[in-house]
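Accompanying notes for the structure given below.
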Amino acid sequence: MADPRFFRRAGPFDLSALARIAGAQLAPGADPSISITDVAPLATAGPGDIGFLDNRRYIATLAESRARACILAPELADRAPAGMALLLTATPYKGYALVAQAFYPEPSAPAARHPTAVVDAAASIGPETSIGPGAVIGPRVEIGRACRIGANAVIGEGVVIGDETEVGANVYLGYCVIGRRCRLHAGVCIGNRGFGFAMEPDGSVDVPQLGRVLVEDDVEVGANSTIDRGAGPDTVVGAGSKIDNLVQIGHNVRLGRGCVLVSQSGIAGSTKLEDYVAVAAQAGVAGHLTIGRGARLSAKSGVMRDVAPGKTVGGIPAMPLKEFFRLCAIWRRQVKAKGKRDV
Amino acid sequence: MADPRFFRRAGPFDLSALARIAGAQLAPGADPSISITDVAPLATAGPGDIGFLDNRRYIATLAESRARACILAPELADRAPAGMALLLTATPYKGYALVAQAFYPEPSAPAARHPTAVVDAAASIGPETSIGPGAVIGPRVEIGRACRIGANAVIGEGVVIGDETEVGANVYLGYCVIGRRCRLHAGVCIGNRGFGFAMEPDGSVDVPQLGRVLVEDDVEVGANSTIDRGAGPDTVVGAGSKIDNLVQIGHNVRLGRGCVLVSQSGIAGSTKLEDYVAVAAQAGVAGHLTIGRGARLSAKSGVMRDVAPGKTVGGIPAMPLKEFFRLCAIWRRQVKAKGKRDV
Amino acid sequence: MADPRFFRRAGPFDLSALARIAGAQLAPGADPSISITDVAPLATAGPGDIGFLDNRRYIATLAESRARACILAPELADRAPAGMALLLTATPYKGYALVAQAFYPEPSAPAARHPTAVVDAAASIGPETSIGPGAVIGPRVEIGRACRIGANAVIGEGVVIGDETEVGANVYLGYCVIGRRCRLHAGVCIGNRGFGFAMEPDGSVDVPQLGRVLVEDDVEVGANSTIDRGAGPDTVVGAGSKIDNLVQIGHNVRLGRGCVLVSQSGIAGSTKLEDYVAVAAQAGVAGHLTIGRGARLSAKSGVMRDVAPGKTVGGIPAMPLKEFFRLCAIWRRQVKAKGKRDV
């Protein structure tokens, strides 16, 4: 079970309730009144627990699991041990997510403003919003309802934050408008001046960065990630986008809805990602490009040109992923051949 | 126009004043008394605005722009729409930067020390310097004139900061001497102990890191970047260098004057970059190397050897950029050939 | 000598004492009663200083050094200038580390709790522990003996910290148990929710991240690095591991004992590194892999498959390092050949 130092558990729930929560079908023979007390990984689950199977890599674990119940895809039902109650769904990971949310609802912070927080008299703070110790809220900031502002976070003049948004510890926000239900993890920096200067032989001249960062609703930004404000246009992060830790987003970048940027990836200035683009870990995208809707950029790829919608690319410089795999096969053959010659 | 929540505009200025500010020539036929009220991107500029064109990629935007005036190179003057007043200069981006600075001068913070700041009695703070809420200034720190220290920044014992330097929110500074007119963005960490230890089979022994970080005048360091202090020698960042977000600079590294390090690049310990070296995004340089004056390291390159002055390299491992382009062409041909064989 | 603004020196020590401290043999002819006042790099050392030589790259510096004494390997003794006293050991870097620790012992902070620190009434703080200005210690936190908690650090509810651990400025800790004698540098974020969500066409569903981060004894984590908490299992960092700046460790990752992760490397979720794995700068490891004991991952490598114990890999995708070097040689030949054809 989750460590009670950190997590408060709800429940128990019976199987029929969990099936409803998960949007799953109870498999024939499973007793809907069985009481489940917790979620757990299949490998460590005990007789009161429900687990899930989403990755075929772990099928062997399923067979040996002592979990009382499991959420999984119908086609894998026959791989489960006898006696395990099964919740069948085409989206088992989503089903597990919903069940786990039921067991471990997000704790609600009391709507307190800590006495050590520094809130400017000209800031507006919504009801049910909590402000942690040492947080600094600047002039004319507007924070919505039921937000949580973490300890020692710094929110600069004029920033707007929508309802139910969570700002982590030590976050810096400036020159930005943040949507509703966003989650900005510890150490995030949003709104610093973009990397804009005119480099001349006699020294560089700073170019004022006059845009903002617009973060739409339901965006998550991982720890210590950085998003620069626009140079004139705004930098935009589309609704529902998920940004992992240590990601860099340059000035004027526009992310569409539902983009996913995995850890340590970076998007250079003025590039546009259309909706639902996925950028894997440590990938980089050059400036002034357009990455089409639903495109996927593989881990560590270096994208130097536009990518058409729906395409998957890999490699440095990035090429269609199939071609990159072909190139890898060519390399393997060349290396083997040279190895033989060298003997 | 820039969002007035965040930016205060000066002006208007007439064209002749802007030409003087930009160091540009007014093109024949332009009325020097035209009043300009704002800067704006060409794509969104209106009839009171001045824009600029620096990148040929955006020539089509020029033709359709409603901007009243534009700063651009003389050879592109004939691509502008009729009636647009033109300011001609060989350095249009610099010209725009200067004009934008005139419209949006840096706001000056009041020289206040916030009552929640913790300033050691043995620290020395210059006149006109502001210290934000929750900032912590250690013993024997010396801060010059007209500096701005951000909220919740932490400045360790003995650190020296020159005049007119700006330290962002949540910055950590230790074991360092910072020059004048520097700008250290939110979350920057300067002066942590370098990654130095003697690794032996029976465990590692920490090597005391006895050097400092010397940051010369007019340096910019981007959000959440890290610069370790020297192991014995100092780590040095030369005057006028520009460091983007999430950049890592290891112990004993020496950057010359005017170096540019783009986001997520990293320089390993004891490497020297001579003056005006440019390191593109996500590039990495191994330790104990010398990168010659004016060399350019392409995005994502992995530099394993010294680079001669003025050279441009790319690839992993890095090679002269022309050779890397040749290699990419070879790869493309090999992939196409294999693709045909596979059909 | 180290800048007295930042460092307090002990000593002097005579050579026989330093030999004992370094675990080294005094070379024949060296006077054991010589008094040494400081450590210094060979290049700048003066007549009262002791230096060391560990990297053959710097042999020329040895010959010209004015250091009074030097720690080095016996086989290099004849490269030293006449009159330099030599301390001979097979591990000169470790020897230097120990001697430097003697000259520059870690300063001990007074066991004070700064009045601006916010310590929850239900937190437990051990004796001799100092808590810096603005630090925030949550409910039921347990901090051991002789710890140092930096200014403006934020330690969330329930976190446990072992004896003699140092937490830097602006660190965030949540959902974690930290061992003894750890050193967490400024800006580190440990325990944020992992990047876990079920992505469906109709939007993503957050997967509660119910695990912790367990950081064992004697671990160092560099500035602005991030370690996510587990999704159900814990994220684990084994004893004695050294993590550099800007490193990312995903949820459920398990690092064994004595692992070394150099700057800007990243380990994706659920991957296991066995003991003593070394990950060089900017390398990345995909999720759900096992990297065997003592394996070495070269700088910038992209590891897509398991790596057997003791192996060294390089390249993207990673392959045995010998094969990668072979491939680099092939590339060089192809480029030269094409260059000739193109002439």
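In the structure tokens, the first chain shown is A, the next is B, and so on; residue numbers restart at 1 for each chain, and ligands run from 1 in the order shown.
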Inset, instruction - Give me, as a list in words, the contact residues of chain B against chain C at a cut-off of 6 Å, counting only C-alpha atoms. - result: Gly158, Tyr175, Ala198, Val207, Leu210 and Leu327 of chain B
Nearby residues (only C-alpha atoms) at most 7 Å from Arg66 (chain A), same-chain spacing under 6 positions excluded, as a CSV table (one decimal) with C-alpha atoms, in the first residue's frame:
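Contents of part_22.csv, as written:
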chain,number,residue,atom,x,y,z
A,45,ALA,CA,-0.2,-7.0,-4.7
A,46,GLY,CA,-1.9,-9.0,-1.9
A,47,PRO,CA,-5.3,-10.6,-1.6
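The closest residue to Gly238 (chain A), picked from A:Gly48, A:Gly266, A:Gly284, A:Gly179 and counting only C-alpha atoms, is A:Gly179.
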Legend entry - Long-range neighbours of Pro28 (chain A) as a ChimeraX atom specification, 12 Å cut-off, only C-alpha atoms, 6 positions minimum in chain: /A:74,77,83-88
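Taking only C-alpha atoms, the non-local environment of Thr312 (chain C) within 12 Å (same-chain residues fewer than 3 positions away omitted) comprises Val277, Ala278, Val279, Ala280, Ile291, Gly292, Arg293, Gly294, Ala295, Arg296, Leu297, Ser298, Ala299, Ser301, Val303, Asp306, Val307, Ala308, Pro309, Gly315, Ala318, Met319, Pro320, Leu321, Lys322, Glu323, Phe324 and Phe325 of chain C.
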Inset, instruction - Find, counting only C-alpha atoms, the residue in B:Val154, B:Ile267, B:Ala121, B:Ala109 that gets nearest to Pro139 (chain B). - result: B:Ala121
Inset, instruction - Fewer than 3 positions away in the same chain doesn't count, so skip those; otherwise give me all residues within 9 Å of Ser35 (chain C), counting only C-alpha atoms, as a PyMOL selection string. - result: chain C and resi 12-15+32+48
Inset, instruction - Enumerate as a PyMOL selection string all residues of region 48-266 of chain C assigned to strand (DSSP E or B) by DSSP on the backbone, naming them with the chain letters and numbers the document uses. - result: chain C and resi 49-52+69-72+85-88+113+118-119+124-125+130-131+136-137+142-143+148-149+154-155+160-161+166-167+172-173+176-178+183-184+189-192+197-200+203-206+213-215+220-221+226-228+235-237+242-243+248-249+254-255+260-261+266
Inset, instruction - Excluding Pro81 (chain A) and any residue of its chain fewer than 3 positions from it, enumerate the residues within 8 Å of it, using only C-alpha atoms, and give them as a VMD selection string. - result: chain A and resid 62 to 65 78 84
Could those selected residues go to a file with N, CA and C atoms, as a PDB file, in the first residue's frame?
ATOM      1  N   LEU A  62       1.810 -11.158 -14.210  1.00  0.00           N
ATOM      2  CA  LEU A  62       0.383 -11.422 -14.027  1.00  0.00           C
ATOM      3  C   LEU A  62       0.167 -12.852 -13.539  1.00  0.00           C
ATOM      4  N   ALA A  63       0.817 -13.776 -14.218  1.00  0.00           N
ATOM      5  CA  ALA A  63       0.590 -15.189 -13.906  1.00  0.00           C
ATOM      6  C   ALA A  63       0.929 -15.515 -12.463  1.00  0.00           C
ATOM      7  N   GLU A  64       1.900 -14.801 -11.914  1.00  0.00           N
ATOM      8  CA  GLU A  64       2.361 -15.105 -10.554  1.00  0.00           C
ATOM      9  C   GLU A  64       1.755 -14.195  -9.498  1.00  0.00           C
ATOM     10  N   SER A  65       0.916 -13.275  -9.929  1.00  0.00           N
ATOM     11  CA  SER A  65       0.437 -12.259  -8.995  1.00  0.00           C
ATOM     12  C   SER A  65      -0.588 -12.813  -8.012  1.00  0.00           C
ATOM     13  N   ASP A  78      -7.171 -14.653 -20.505  1.00  0.00           N
ATOM     14  CA  ASP A  78      -6.820 -16.059 -20.263  1.00  0.00           C
ATOM     15  C   ASP A  78      -5.390 -16.229 -19.729  1.00  0.00           C
ATOM     16  N   MET A  84      -8.477 -15.062  -9.940  1.00  0.00           N
ATOM     17  CA  MET A  84      -8.320 -13.614  -9.938  1.00  0.00           C
ATOM     18  C   MET A  84      -9.542 -13.011 -10.633  1.00  0.00           C
TER      19      MET A  84
END
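The spacing separating CA of Val219 (chain B) from CA of Asp228 (chain A) amounts to 18.0 Å.
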